[in-house]
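Q: Before I ask anything, here is the structure I am working with.
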Amino acid sequence: MSSKTVNELNWMIGGAQGSGVDLSASSFARSCALAGLWVYGTREYYSNIKGLHSYFEIRTSGRQIRSKVEGVDLLATFDAETVVRHADAVNPDGGIIYDPAVSQTPIEKVDTLYKDEVRQIQARLAQEGLGSDVDAILEEAKGRGVKLFAIPYGALIQEIAKRLETSELTRLNRIVNVLAVSVSLSLLGLDRRYMEESVRQAFAASRKQKLVEMNLAGVDRAYEFAKEKFGEGGLPIRLAPIQNKPRMFVVGNQAVALGKMAGGCRLQTYYPITPASDESEFLEAHENFDLLGGESNDGKGSIVVVQTEDEIAAVTMAIGGALAGTRAATSTSGPGFSLMVEGMGWAGMNEVPVVVTLYQRGGPSTGMPTRTEQGDLKFVLNASHGEFPRMVLCSGDMEECFYDAFRAMNYAERYQLPVIHLVDKGLANSNMTILPPDPNLVDIERGKLILTSGGGAPKDGEYRRFAPAEDGISPRAVLGLKGYRFWNTGDEHDELGHINENSENRIRMMKKRMSKLETADREIPVTEKVGFYAAAGRPDVTLVSWGSSKGAILEGMELLEKRGIKAEFLQIRLASPFPAQAVRERLSEAKLVIDIEQNYSAQMAAVIAEKTQINIKHRVVKFNGRPISCNEIYDSVRQIVARPEANERVILTHGA
Amino acid sequence: MSSKTVNELNWMIGGAQGSGVDLSASSFARSCALAGLWVYGTREYYSNIKGLHSYFEIRTSGRQIRSKVEGVDLLATFDAETVVRHADAVNPDGGIIYDPAVSQTPIEKVDTLYKDEVRQIQARLAQEGLGSDVDAILEEAKGRGVKLFAIPYGALIQEIAKRLETSELTRLNRIVNVLAVSVSLSLLGLDRRYMEESVRQAFAASRKQKLVEMNLAGVDRAYEFAKEKFGEGGLPIRLAPIQNKPRMFVVGNQAVALGKMAGGCRLQTYYPITPASDESEFLEAHENFDLLGGESNDGKGSIVVVQTEDEIAAVTMAIGGALAGTRAATSTSGPGFSLMVEGMGWAGMNEVPVVVTLYQRGGPSTGMPTRTEQGDLKFVLNASHGEFPRMVLCSGDMEECFYDAFRAMNYAERYQLPVIHLVDKGLANSNMTILPPDPNLVDIERGKLILTSGGGAPKDGEYRRFAPAEDGISPRAVLGLKGYRFWNTGDEHDELGHINENSENRIRMMKKRMSKLETADREIPVTEKVGFYAAAGRPDVTLVSWGSSKGAILEGMELLEKRGIKAEFLQIRLASPFPAQAVRERLSEAKLVIDIEQNYSAQMAAVIAEKTQINIKHRVVKFNGRPISCNEIYDSVRQIVARPEANERVILTHGA
Amino acid sequence: MALKLADVRTDLHNDWCSGCGDFGIEASLQMALTEMNVDIHRVVIFSGIGCHGKIVHWTNAFGIHTLHGRTLPFAQGAKLANPGLEVIAISGDGDGYGIGAGHFVHSGRRNVDMTYIVHDNGVYGLTKGQASPTQKLGEQTKSLPQPNINSAVNPIMLALAAGYTFIARSYAFDNRHLKDTIKRAVAHRGLALVDVLQPCPTYNDIETKAFYSGEDRPDPSTHRPVPRVYDIEKTGYNPLITTDMTNEDVDKKTLEVIRISNEWGDRIPVGVFYQNENVPTYEDRIMRRVPFYLDQPPATQQIQLQNKKSAVDLSSLLKELTIGG
Amino acid sequence: MALKLADVRTDLHNDWCSGCGDFGIEASLQMALTEMNVDIHRVVIFSGIGCHGKIVHWTNAFGIHTLHGRTLPFAQGAKLANPGLEVIAISGDGDGYGIGAGHFVHSGRRNVDMTYIVHDNGVYGLTKGQASPTQKLGEQTKSLPQPNINSAVNPIMLALAAGYTFIARSYAFDNRHLKDTIKRAVAHRGLALVDVLQPCPTYNDIETKAFYSGEDRPDPSTHRPVPRVYDIEKTGYNPLITTDMTNEDVDKKTLEVIRISNEWGDRIPVGVFYQNENVPTYEDRIMRRVPFYLDQPPATQQIQLQNKKSAVDLSSLLKELTIGG
Ligand SMILES: Cc1ncc(C[n+]2csc(CCOP(=O)(O)OP(=O)(O)O)c2C)c(N)n1
Ligand SMILES: Cc1ncc(C[n+]2csc(CCOP(=O)(O)OP(=O)(O)O)c2C)c(N)n1
Ligand code: SF4
Ligand code: SF4
Ligand SMILES: [Mg+2]
Ligand SMILES: [Mg+2]
């Protein structure tokens, strides 16, 4: 069996929302992680609470991985729909686990498929001379070499019920998930103890011993059954434990939450919205946290999380908090941000540090709430009427989510302006194993903040909140600080903060505010502005991108290199102030530049054109709401490199 | 007296808000217009109801004029502040009308001056060795050659009271305005009958005979007094009647309102905001209007104007109306638009024709509510999360306000998308004489609208609101039309309008929507996209601009030409879809290009860079909230042409 | 030609959770549509964002699924543009009483002749169960990490304060009552609110179906559950404000509405709380300014002539603005 | 050290119209500030956009002139970040009851311990006199082209429905009453509303100073005007909700509040309508979750160590998320 690939797997599980698919996926991932493997998982689901189809892909590997890959090695299903939707994604030498009880289900009876989808599948099967039910789909797969593993879930559950001497079949039915995962792991040859531990950890919080027992019985029976029935299963992949170092297993919005916490955020306001609210709920669930060497309050710090009546209140309440001197943030998605723009302008005008984490999702309007997109870049760069400075950070991966969330809090206070931290659903809902982030890599920098009377005391006795300053940044006092009275207004104002419409004052204040962006541009090291990943050798192609495409691009580059195409990668991390010089330098030397983005119009390319007058002719865009895979990067770049003139704009379409 | 300039005058009047300055200005302008002269007037005022300083400049001429000019020929004042603020703007051979009763007022007693302003003026006077009161200012002016005309308003009013045998001195005091205007006109030699007629017209609506009498008595006494006292006054300017053709005398927001009305708008929603609400109030005051050849309803049509609870309601209510089949619009300024962006996205997603007239004003945030700016361009181009097509029209003058308002209604229905009509405070609050616009120059084009059952009937019996179409535009039915049921949702949807998250459907729908911009770009004639004003001969410089700078640029070009600088002018009228080809063609041939804008960052230059990769290095910007004058154009362009390398960015600062 | 239920249902897959009270509301609404004396082609249903919002897709009438919290202004825009439409606006409690509270209040001030149904389930369903504005202070439904920190609004009282002229409450699983209430709301001249108590089995484990139907408290003699929900009109309560009532009478009625609306716990009142047709509708008010409004509302006016030119005769207006001549 | 009025005034030029009721409110507020037992350095005043909004610039305390309609969320943010601040939020009636109605309602549900003063002049002053939400249906103030088309809200009732725990009304030109009411509002534990009847001589020619003071109706014997405004507390009314009251008592009081608040015309009630300190404040509610909230609120927590590193010890959290090891 030496021809087997070891520890390179893409596993998929699907099922109705709310039927426990998420639990399956995480217990699979956890088992792998417990075995020391690296994991990268993505989640796809509809804007629905229960019943519509959702699926997870879990990649696992012996080395760290950070993107989605095309082709499923093993597809675990327990309903008809998952077979129908995903069988065609299974690699020719992969496998499908299915329930023989659903194999007779006609396609048109899967009523959570759209009518068009049913018609398309039926037409395809008809063309191949196949029937029109799940069996036909399975047959089709088998024809391609896919191995089929029938699991009589019902019978297995009956047996387990007997063993446990229980009659709670409804509850037991839920262990169908554990069965599917366990059969998978057995087929892949991973020792059952990882799955057992995974189950124990999963139910640790609930403290329901009964539940743990049931599930462990499921693991037991499933491993047994698979061994008996399929032996080694004939799959070309094996999973083998490799080490045992601790790893964090996080989703993107947790990484952001941790970064905010470490970065000093003590007031988070939010209005519920997918996929942002998970972050706020995580913060709320951890509102009391440990302090280093703190004696007072039992060494506890805390964050106040407020659910507001809408996003207008969320942003303005955060601003109110920031005025009082706390680091304040809010978190939202496109529709919510659309309501925040007036507040952003006020913060810009009054030089208030406030951070908005924006989880981009499919737009416009309500769009595709649970799908990913990078469609809000130009909006946030220009949001709100009039002109004021703002900073925009774009995170490309889990680690950047953490550090950028931390840095956003710093930037906001250092430059006294609103900061937008751009992430997206792809990051927010992906989970992966990473090495624990180190909060000590970033200092807390509060800039010209006056927290105590006497600090940065005004020379002439009168505190002037908007006093002129070389770098545009005036010493900032907080509400309630004796001797530092100030005023704020959304109107143009004088140095004290009172309304002032005088022409010279206006010009001075506009210049002062806008010049802060130049200060930031000067002070921030280029490594925080762009990421650069050189090619091994003289590059054939320069890829430019931002945000969550990063992982797929880095892995796509490896694939390209294997085929002799040397790619380098310029990742824009700071969209405002825009690192025009760095970008111009990189791009003006480039041979062939390809802009890669998850939106329709290649928004970053537009920004680059505006800021550098470099027109990136070649563009790879994806806007179907599904994240980019490394293979799509590989394919599209190869296509363009092969025939640049014929492929100026490549639209990626993968993803079910 | 043949050395006198005839019919070229810049007259200014100032005073406290609410003290009747606006009435004075319009009666002056009206008198000139009655004499057949062309008029152009601008208004400056604070965000205040009563008491703070406001002033009007009225230019009048024998030929049509369309911009502000530097230097005042005759300054009419009746308070101290106006003298203090504006005396220095009076041309050396001009004049100042003032009340000797205020000449002893110390500068620091003018408490509506900001403290800084007081200090500055005092310092200036001290340096010149002058006192520190109004007299000192007058003396300073006199030193420059300015003529002073003292009008003892109080005494004159007493006399008039006696003549009229009235004791209503408080009411009579208000005729101080009429006195100042009449003295002005007398000094300028315009026959008093124009002023008399002007007074009659001004009070025609109020039907208060007494008021008319009082004011006519004022005209009488003022002319008398001026004649006695100053004779011809020694001013180098005369006004002489030239013809008597009817002219419209309009302010910008009336021009927009008329264009909307003619353009078929029948539902206007609004939330009060400066300087937009005047338009809605004009519409409301004229909600019942005449129809051509209409028999029903006594030949009356009507528009429903709704004051909403906020701008979110304004835009969504307009959208609701549009869905029912009416042409619907709303009107706002920056802060209001900031609240409308979510609604815009919904309209974009659901392909609903809705028009938003955006009166730009000084930003960001509350900014300078009564001052002008062109600061919202990039915001409206990118407003709201995600990507959807929108059109953006930019009007450059009164006539364009009318025709663009009309066309905006057409475009919205033809391309089934939200249209933003960008104007600004400079246009909205300026008034001028124009030839009456001709609504017949534009056809009403409703595009693929189905208003009656059977029109554009669906082939397969089922109406599909978002049916695919070559040009991206599907036949559009309205709510309540039998046989044409449809659904809408902000979510991505199928052809019927139901939620659909399928990947292929998503790609198809995104392409369909976005392609409408290409259709519009193809169909709309270039003359509606850009204005082009050639130089007389081979141009030395190409000016690029948009919106209300147009008038100043055209007149500035004339001034430049006199000094031998030949300028051509490219006016961007359609900002989306952006006429990239036309602009690229014009600019790539240009020798020296100067971008002129009324904002801080030269936003249109950024858009041009993005769309054409042409970087316009030279920029003239103004962001102090005061409109550009033709002289500022002249000066700044001359400065750049003389030394291009030393003057990449010129900031204009004029205006009190 | 009488409509059948199937006529007013689309054939789309309904993706609400099984047991969701929304099904009851959908069925009642659709039954009301078949029984009502209105032309179904003129019926337009608006909804907001939330689980409830999908109702328009399951219903075979013009269906506009709007933005979160904005149902009311969208709906009013359509109705004012074409008063011939029969407009039914639908919200969730988060949508309508939460983010939409401002519109809720101001719509009452207008009294546009239409119906407003609110799916009141105490939670934000579609965003996974956060507390909605009708959830009580200190309650802790399933998915809350901590007890609810905000006090609840009383929608009946809020509606009264805002000026709604028809205020009712019903219960999602009392089909007949809900259907009849919707019919009465539609028939009402003016803005009609129907607050519908709606179990959300997925996230609200407090105000469940069992709770409303009193399954925890069987009648000692019959052993059958005693429902908490009771119909105030069956107790003899009369919601009508009539023209012959004195100001004191009206005051008294108002106070009674509020008193009853505060009942919760063992007795939960449903029924029509308040109906007052003596307040002019917004349409009536427009008519005073625009005499031909109802004959030629915005949506049906001819705006162009045969030759495509504007139908408007601007001449008198232009004259008004013209000087000289 | 007692403050003098001059200490709490800035020396800026005040640009309200002469005779404006805002002057009365300003004076009363400033007098209250001098008389109140709070450290003026901890006082922060928030205002909205409108004529009223400029009040913070004339007042010598921290002054935040916010956005139109958003006064309340700004103010709550500051108060929650630092509960040691004495926060006074100020709105116009357009600002607070119009565009801000949603925040108005939801702030009531929170009951943050602060004061909210509304300048209630029946118009949108700063945008030139459009009708505000408190202007009555059919009224036509000076600058309206047509009679007002919307019904008025009753702010007292709305506040009650929303959960305000102190609800008062006063009159801009009754300095003493207004000042005292503001002091009581500030002293109140919880969210306190003071609706202030404010003449706008420029745009509201109906509810004028003369109207409120009854200049059109002299007492037949004394020939002195009989003011319309009367103090309910002087008639023996007691606004307090006490812990020993039964539910029925509370209900009765509530209904009385509403009944009185509906009075308008010949008798216009002012005074404290309702005060209930038995409802926990939002701060109390936070304390149940975050025990050290009041000692170490967000604004005063140390977030960094001496060496500039984060003060947070993430290790237990990271462990929670860690697998293996
Ligand atoms: C502006 C905006 N903010 C937030 C959301 C996210 N969102 C979707 S549904 C929902 C709440 C729905 O609650 P409710 O109105 O009670 O409806 P239910 O799901 O309970 O039927 C929210 C907050 C959104 N779509 N738009
Ligand atoms: C979002 C937004 N919309 C509109 C405005 C314009 N605006 C300025 S003041 C005002 C109304 C003020 O009325 P009110 O709150 O009653 O205050 P008052 O002037 O009467 O004191 C409005 C609508 C604005 N500033 N912001
Ligand atoms: S989450 Fe609740 S409201 Fe939404 S569909 Fe499920 S049960 Fe119904
Ligand atoms: S407009 Fe009215 S509210 Fe505003 S300052 Fe003048 S009088 Fe006062
Ligand atoms: Mg709900
Ligand atoms: Mg007001």
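Quick note on naming: the chains in the structure tokens go A, B, ... in the order shown, residues restart at 1 in each chain, and ligands are numbered from 1 in order of appearance.
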For chain A against chain C, which residues fall within 7 Å using only C-alpha atoms, given as a ChimeraX atom specification?

A: /A:48-52,111-112,272-274,285,309-310

Q: Which chain A residues have any atom within 10 Å of an atom of ligand 2, and for each, what is the nearest pair of atoms with distance in Å to one decimal, counting only C-alpha atoms and all ligand atoms, rows sorted by chain and number, as a tab-separated table?

A:
```
residue	atom	partner	partner_atom_place_in_ligand_line	distance
A:Glu342	CA	ligand 2	1 (C)	7.7
A:Gly490	CA	ligand 2	25 (N)	9.3
A:Asp491	CA	ligand 2	25 (N)	9.7
```

Q: Take the residues that were just selected and, keeping C-alpha atoms, output them as a PDB file, in the first residue's frame.

A:
```pdb
ATOM      1  CA  GLU A 342     -23.004  59.203   8.360  1.00  0.00           C
ATOM      2  CA  GLY A 490     -20.046  67.848  12.831  1.00  0.00           C
ATOM      3  CA  ASP A 491     -19.907  71.412  11.532  1.00  0.00           C
TER       4      ASP A 491
END
```

Q: Can you check which residues of range 221-256 of chain D DSSP gives as helix (DSSP H, G or I) on the backbone and send them as a list of chain:residue names?

A: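 So, restricting range 221-256 of chain D to helix (DSSP H, G or I), we get D:Ile232, D:Glu233, D:Lys234, D:Thr235, D:Asn247, D:Glu248, D:Asp249, D:Val250, D:Asp251, D:Lys252, D:Lys253, D:Thr254, D:Leu255, D:Glu256.
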
Q: Would you export the selected residues with N, CA, C and O atoms as a CSV table (one decimal), in the first residue's frame, please?

A:
```csv
chain,number,residue,atom,x,y,z
D,232,ILE,N,-48.9,70.3,37.2
D,232,ILE,CA,-49.8,69.2,37.7
D,232,ILE,C,-49.4,68.9,39.2
D,232,ILE,O,-50.3,68.5,39.9
D,233,GLU,N,-48.2,69.1,39.5
D,233,GLU,CA,-47.8,68.7,40.9
D,233,GLU,C,-48.4,69.7,41.9
D,233,GLU,O,-48.6,69.4,43.0
D,234,LYS,N,-48.7,70.9,41.4
D,234,LYS,CA,-49.4,71.9,42.2
D,234,LYS,C,-50.8,71.5,42.5
D,234,LYS,O,-51.5,72.1,43.4
D,235,THR,N,-51.3,70.7,41.6
D,235,THR,CA,-52.7,70.3,41.8
D,235,THR,C,-52.8,69.0,42.7
D,235,THR,O,-53.8,68.4,42.8
D,247,ASN,N,-49.7,46.1,41.5
D,247,ASN,CA,-49.8,46.2,40.1
D,247,ASN,C,-50.9,47.1,39.6
D,247,ASN,O,-50.8,47.9,38.7
D,248,GLU,N,-52.0,47.0,40.3
D,248,GLU,CA,-53.2,47.8,40.0
D,248,GLU,C,-52.9,49.3,40.2
D,248,GLU,O,-53.2,50.1,39.4
D,249,ASP,N,-52.2,49.6,41.3
D,249,ASP,CA,-51.9,51.0,41.6
D,249,ASP,C,-51.0,51.5,40.5
D,249,ASP,O,-51.2,52.6,40.0
D,250,VAL,N,-50.0,50.7,40.0
D,250,VAL,CA,-49.1,51.1,39.0
D,250,VAL,C,-49.9,51.4,37.7
D,250,VAL,O,-49.7,52.4,37.0
D,251,ASP,N,-50.8,50.4,37.4
D,251,ASP,CA,-51.6,50.6,36.2
D,251,ASP,C,-52.4,51.9,36.3
D,251,ASP,O,-52.5,52.6,35.3
D,252,LYS,N,-53.0,52.1,37.4
D,252,LYS,CA,-53.8,53.3,37.6
D,252,LYS,C,-52.9,54.6,37.3
D,252,LYS,O,-53.4,55.5,36.6
D,253,LYS,N,-51.8,54.6,37.9
D,253,LYS,CA,-50.9,55.7,37.8
D,253,LYS,C,-50.6,55.9,36.3
D,253,LYS,O,-50.6,57.0,35.7
D,254,THR,N,-50.2,54.8,35.6
D,254,THR,CA,-49.8,54.9,34.2
D,254,THR,C,-51.0,55.5,33.4
D,254,THR,O,-50.8,56.4,32.6
D,255,LEU,N,-52.2,55.0,33.7
D,255,LEU,CA,-53.3,55.5,33.0
D,255,LEU,C,-53.5,57.0,33.2
D,255,LEU,O,-53.9,57.8,32.3
D,256,GLU,N,-53.3,57.4,34.5
D,256,GLU,CA,-53.4,58.8,34.8
D,256,GLU,C,-52.4,59.7,34.0
D,256,GLU,O,-52.7,60.8,33.5
```

Q: I'd like the neighbourhood of Met261 in chain A as number ranges by chain, where a residue qualifies if any of its atoms comes within 8 Å (using only C-alpha atoms), though same-chain residues fewer than 4 positions away should be ignored.

A: A: 257, 265-266, 303, 406; D: 312

Q: Selected residues, N, CA, C and O atoms, written as a PDB file, in the first residue's frame, please.

A:
```pdb
ATOM      1  N   ALA A 257     -11.856  38.778  17.181  1.00  0.00           N
ATOM      2  CA  ALA A 257     -12.263  39.090  18.554  1.00  0.00           C
ATOM      3  C   ALA A 257     -11.060  39.070  19.488  1.00  0.00           C
ATOM      4  O   ALA A 257     -10.890  39.977  20.319  1.00  0.00           O
ATOM      5  N   CYS A 265      -9.606  46.870  23.084  1.00  0.00           N
ATOM      6  CA  CYS A 265     -11.006  47.254  22.870  1.00  0.00           C
ATOM      7  C   CYS A 265     -11.809  46.924  24.120  1.00  0.00           C
ATOM      8  O   CYS A 265     -11.787  45.802  24.601  1.00  0.00           O
ATOM      9  N   ARG A 266     -12.534  47.910  24.648  1.00  0.00           N
ATOM     10  CA  ARG A 266     -13.290  47.691  25.875  1.00  0.00           C
ATOM     11  C   ARG A 266     -14.770  48.020  25.725  1.00  0.00           C
ATOM     12  O   ARG A 266     -15.541  47.941  26.670  1.00  0.00           O
ATOM     13  N   ILE A 303     -14.895  43.686  28.864  1.00  0.00           N
ATOM     14  CA  ILE A 303     -15.356  44.447  27.709  1.00  0.00           C
ATOM     15  C   ILE A 303     -16.873  44.511  27.785  1.00  0.00           C
ATOM     16  O   ILE A 303     -17.522  43.516  28.117  1.00  0.00           O
ATOM     17  N   PHE A 406      -5.828  44.107  16.170  1.00  0.00           N
ATOM     18  CA  PHE A 406      -5.030  44.771  17.212  1.00  0.00           C
ATOM     19  C   PHE A 406      -4.509  46.104  16.679  1.00  0.00           C
ATOM     20  O   PHE A 406      -4.700  47.179  17.271  1.00  0.00           O
TER      21      PHE A 406
ATOM     22  N   VAL D 312      -3.751  42.330  28.531  1.00  0.00           N
ATOM     23  CA  VAL D 312      -4.625  41.157  28.561  1.00  0.00           C
ATOM     24  C   VAL D 312      -3.807  39.874  28.585  1.00  0.00           C
ATOM     25  O   VAL D 312      -2.829  39.732  27.853  1.00  0.00           O
TER      26      VAL D 312
END
```

Q: Kindly provide, as an mmCIF file with N, CA and C atoms, in the first residue's frame, the residues of chain D having any atom no farther than 8 Å from an atom of chain C, counting only C-alpha atoms.

A:
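Writing done, so here's result02.cif:
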```
data_model
loop_
_atom_site.group_PDB
_atom_site.id
_atom_site.type_symbol
_atom_site.label_atom_id
_atom_site.label_comp_id
_atom_site.auth_asym_id
_atom_site.auth_seq_id
_atom_site.Cartn_x
_atom_site.Cartn_y
_atom_site.Cartn_z
ATOM 1 N N GLY D 98 -38.567 62.942 15.798
ATOM 2 C CA GLY D 98 -38.737 62.736 14.362
ATOM 3 C C GLY D 98 -37.761 61.688 13.877
ATOM 4 N N ILE D 99 -36.670 62.134 13.299
ATOM 5 C CA ILE D 99 -35.677 61.207 12.752
ATOM 6 C C ILE D 99 -35.102 60.320 13.850
ATOM 7 N N GLY D 100 -35.155 60.791 15.098
ATOM 8 C CA GLY D 100 -34.578 60.015 16.187
ATOM 9 C C GLY D 100 -35.563 59.116 16.915
ATOM 10 N N ALA D 101 -36.757 58.958 16.396
ATOM 11 C CA ALA D 101 -37.794 58.231 17.138
ATOM 12 C C ALA D 101 -37.378 56.805 17.499
ATOM 13 N N GLY D 102 -36.657 56.158 16.604
ATOM 14 C CA GLY D 102 -36.221 54.789 16.897
ATOM 15 C C GLY D 102 -35.319 54.753 18.114
ATOM 16 N N HIS D 103 -34.346 55.643 18.156
ATOM 17 C CA HIS D 103 -33.451 55.673 19.320
ATOM 18 C C HIS D 103 -34.231 56.064 20.575
ATOM 19 N N VAL D 105 -37.270 55.339 21.367
ATOM 20 C CA VAL D 105 -37.956 54.162 21.896
ATOM 21 C C VAL D 105 -36.959 53.203 22.550
ATOM 22 N N HIS D 106 -35.871 52.911 21.864
ATOM 23 C CA HIS D 106 -34.968 51.874 22.379
ATOM 24 C C HIS D 106 -34.139 52.348 23.570
ATOM 25 N N ARG D 109 -35.910 51.420 26.610
ATOM 26 C CA ARG D 109 -35.765 50.012 26.977
ATOM 27 C C ARG D 109 -34.481 49.773 27.777
ATOM 28 N N ARG D 110 -33.496 50.658 27.607
ATOM 29 C CA ARG D 110 -32.226 50.462 28.330
ATOM 30 C C ARG D 110 -32.222 51.109 29.714
ATOM 31 N N GLN D 146 -49.238 74.490 3.376
ATOM 32 C CA GLN D 146 -50.531 73.853 3.553
ATOM 33 C C GLN D 146 -50.634 73.444 5.030
ATOM 34 N N ILE D 149 -50.076 67.807 7.569
ATOM 35 C CA ILE D 149 -50.772 66.609 7.086
ATOM 36 C C ILE D 149 -50.598 65.409 8.013
ATOM 37 N N ASN D 150 -49.753 65.531 9.034
ATOM 38 C CA ASN D 150 -49.505 64.397 9.926
ATOM 39 C C ASN D 150 -50.097 64.638 11.313
ATOM 40 N N SER D 151 -50.505 63.555 11.942
ATOM 41 C CA SER D 151 -50.935 63.665 13.330
ATOM 42 C C SER D 151 -49.715 63.841 14.219
ATOM 43 N N ALA D 152 -49.958 64.410 15.400
ATOM 44 C CA ALA D 152 -48.851 64.644 16.327
ATOM 45 C C ALA D 152 -48.593 63.403 17.174
ATOM 46 N N VAL D 153 -47.351 63.253 17.615
ATOM 47 C CA VAL D 153 -47.088 62.252 18.652
ATOM 48 C C VAL D 153 -47.256 62.928 19.999
ATOM 49 N N ASN D 154 -47.591 62.130 20.980
ATOM 50 C CA ASN D 154 -47.623 62.585 22.356
ATOM 51 C C ASN D 154 -46.344 62.054 23.015
ATOM 52 N N MET D 157 -46.593 59.986 26.310
ATOM 53 C CA MET D 157 -47.113 58.629 26.172
ATOM 54 C C MET D 157 -46.097 57.731 25.486
ATOM 55 N N LEU D 158 -45.429 58.308 24.499
ATOM 56 C CA LEU D 158 -44.416 57.532 23.794
ATOM 57 C C LEU D 158 -43.312 57.122 24.768
ATOM 58 N N ALA D 161 -44.521 54.341 26.941
ATOM 59 C CA ALA D 161 -44.554 53.070 26.215
ATOM 60 C C ALA D 161 -43.142 52.523 26.051
ATOM 61 N N ALA D 162 -42.168 53.427 25.941
ATOM 62 C CA ALA D 162 -40.800 52.991 25.684
ATOM 63 C C ALA D 162 -40.066 52.586 26.955
ATOM 64 N N GLY D 163 -40.570 53.025 28.103
ATOM 65 C CA GLY D 163 -39.943 52.590 29.349
ATOM 66 C C GLY D 163 -39.126 53.640 30.091
ATOM 67 N N ASP D 251 -50.754 50.419 37.391
ATOM 68 C CA ASP D 251 -51.603 50.563 36.210
ATOM 69 C C ASP D 251 -52.389 51.865 36.280
ATOM 70 N N LEU D 255 -52.177 55.034 33.717
ATOM 71 C CA LEU D 255 -53.309 55.545 32.956
ATOM 72 C C LEU D 255 -53.527 57.027 33.242
ATOM 73 N N ILE D 258 -51.213 59.121 31.189
ATOM 74 C CA ILE D 258 -51.654 59.259 29.801
ATOM 75 C C ILE D 258 -52.837 60.214 29.694
ATOM 76 N N ARG D 259 -53.745 60.071 30.618
ATOM 77 C CA ARG D 259 -54.909 60.948 30.572
ATOM 78 C C ARG D 259 -54.467 62.415 30.646
ATOM 79 N N TYR D 282 -29.441 50.479 33.253
ATOM 80 C CA TYR D 282 -28.620 49.640 32.381
ATOM 81 C C TYR D 282 -27.294 49.329 33.053
ATOM 82 N N ARG D 285 -27.691 46.545 35.283
ATOM 83 C CA ARG D 285 -27.816 45.289 34.538
ATOM 84 C C ARG D 285 -26.450 44.808 34.066
ATOM 85 N N ILE D 286 -25.605 45.747 33.669
ATOM 86 C CA ILE D 286 -24.243 45.351 33.264
ATOM 87 C C ILE D 286 -23.503 44.751 34.455
ATOM 88 N N ARG D 289 -23.386 41.185 34.978
ATOM 89 C CA ARG D 289 -22.564 40.375 34.087
ATOM 90 C C ARG D 289 -21.096 40.652 34.302
#
```

Q: Which neighbours of Leu179 in chain B fall inside 7 Å, counting only C-alpha atoms, when residues of the same chain fewer than 4 positions from it are skipped, and could you give them as number ranges by chain?

A: B: 175, 183, 218-219, 222

Q: Excluding Lys142 in chain D and its own-chain neighbours fewer than 5 positions away, which residues fall within 7 Å of it when counting only C-alpha atoms? Please give them as a PyMOL selection string.

A: chain D and resi 203-205
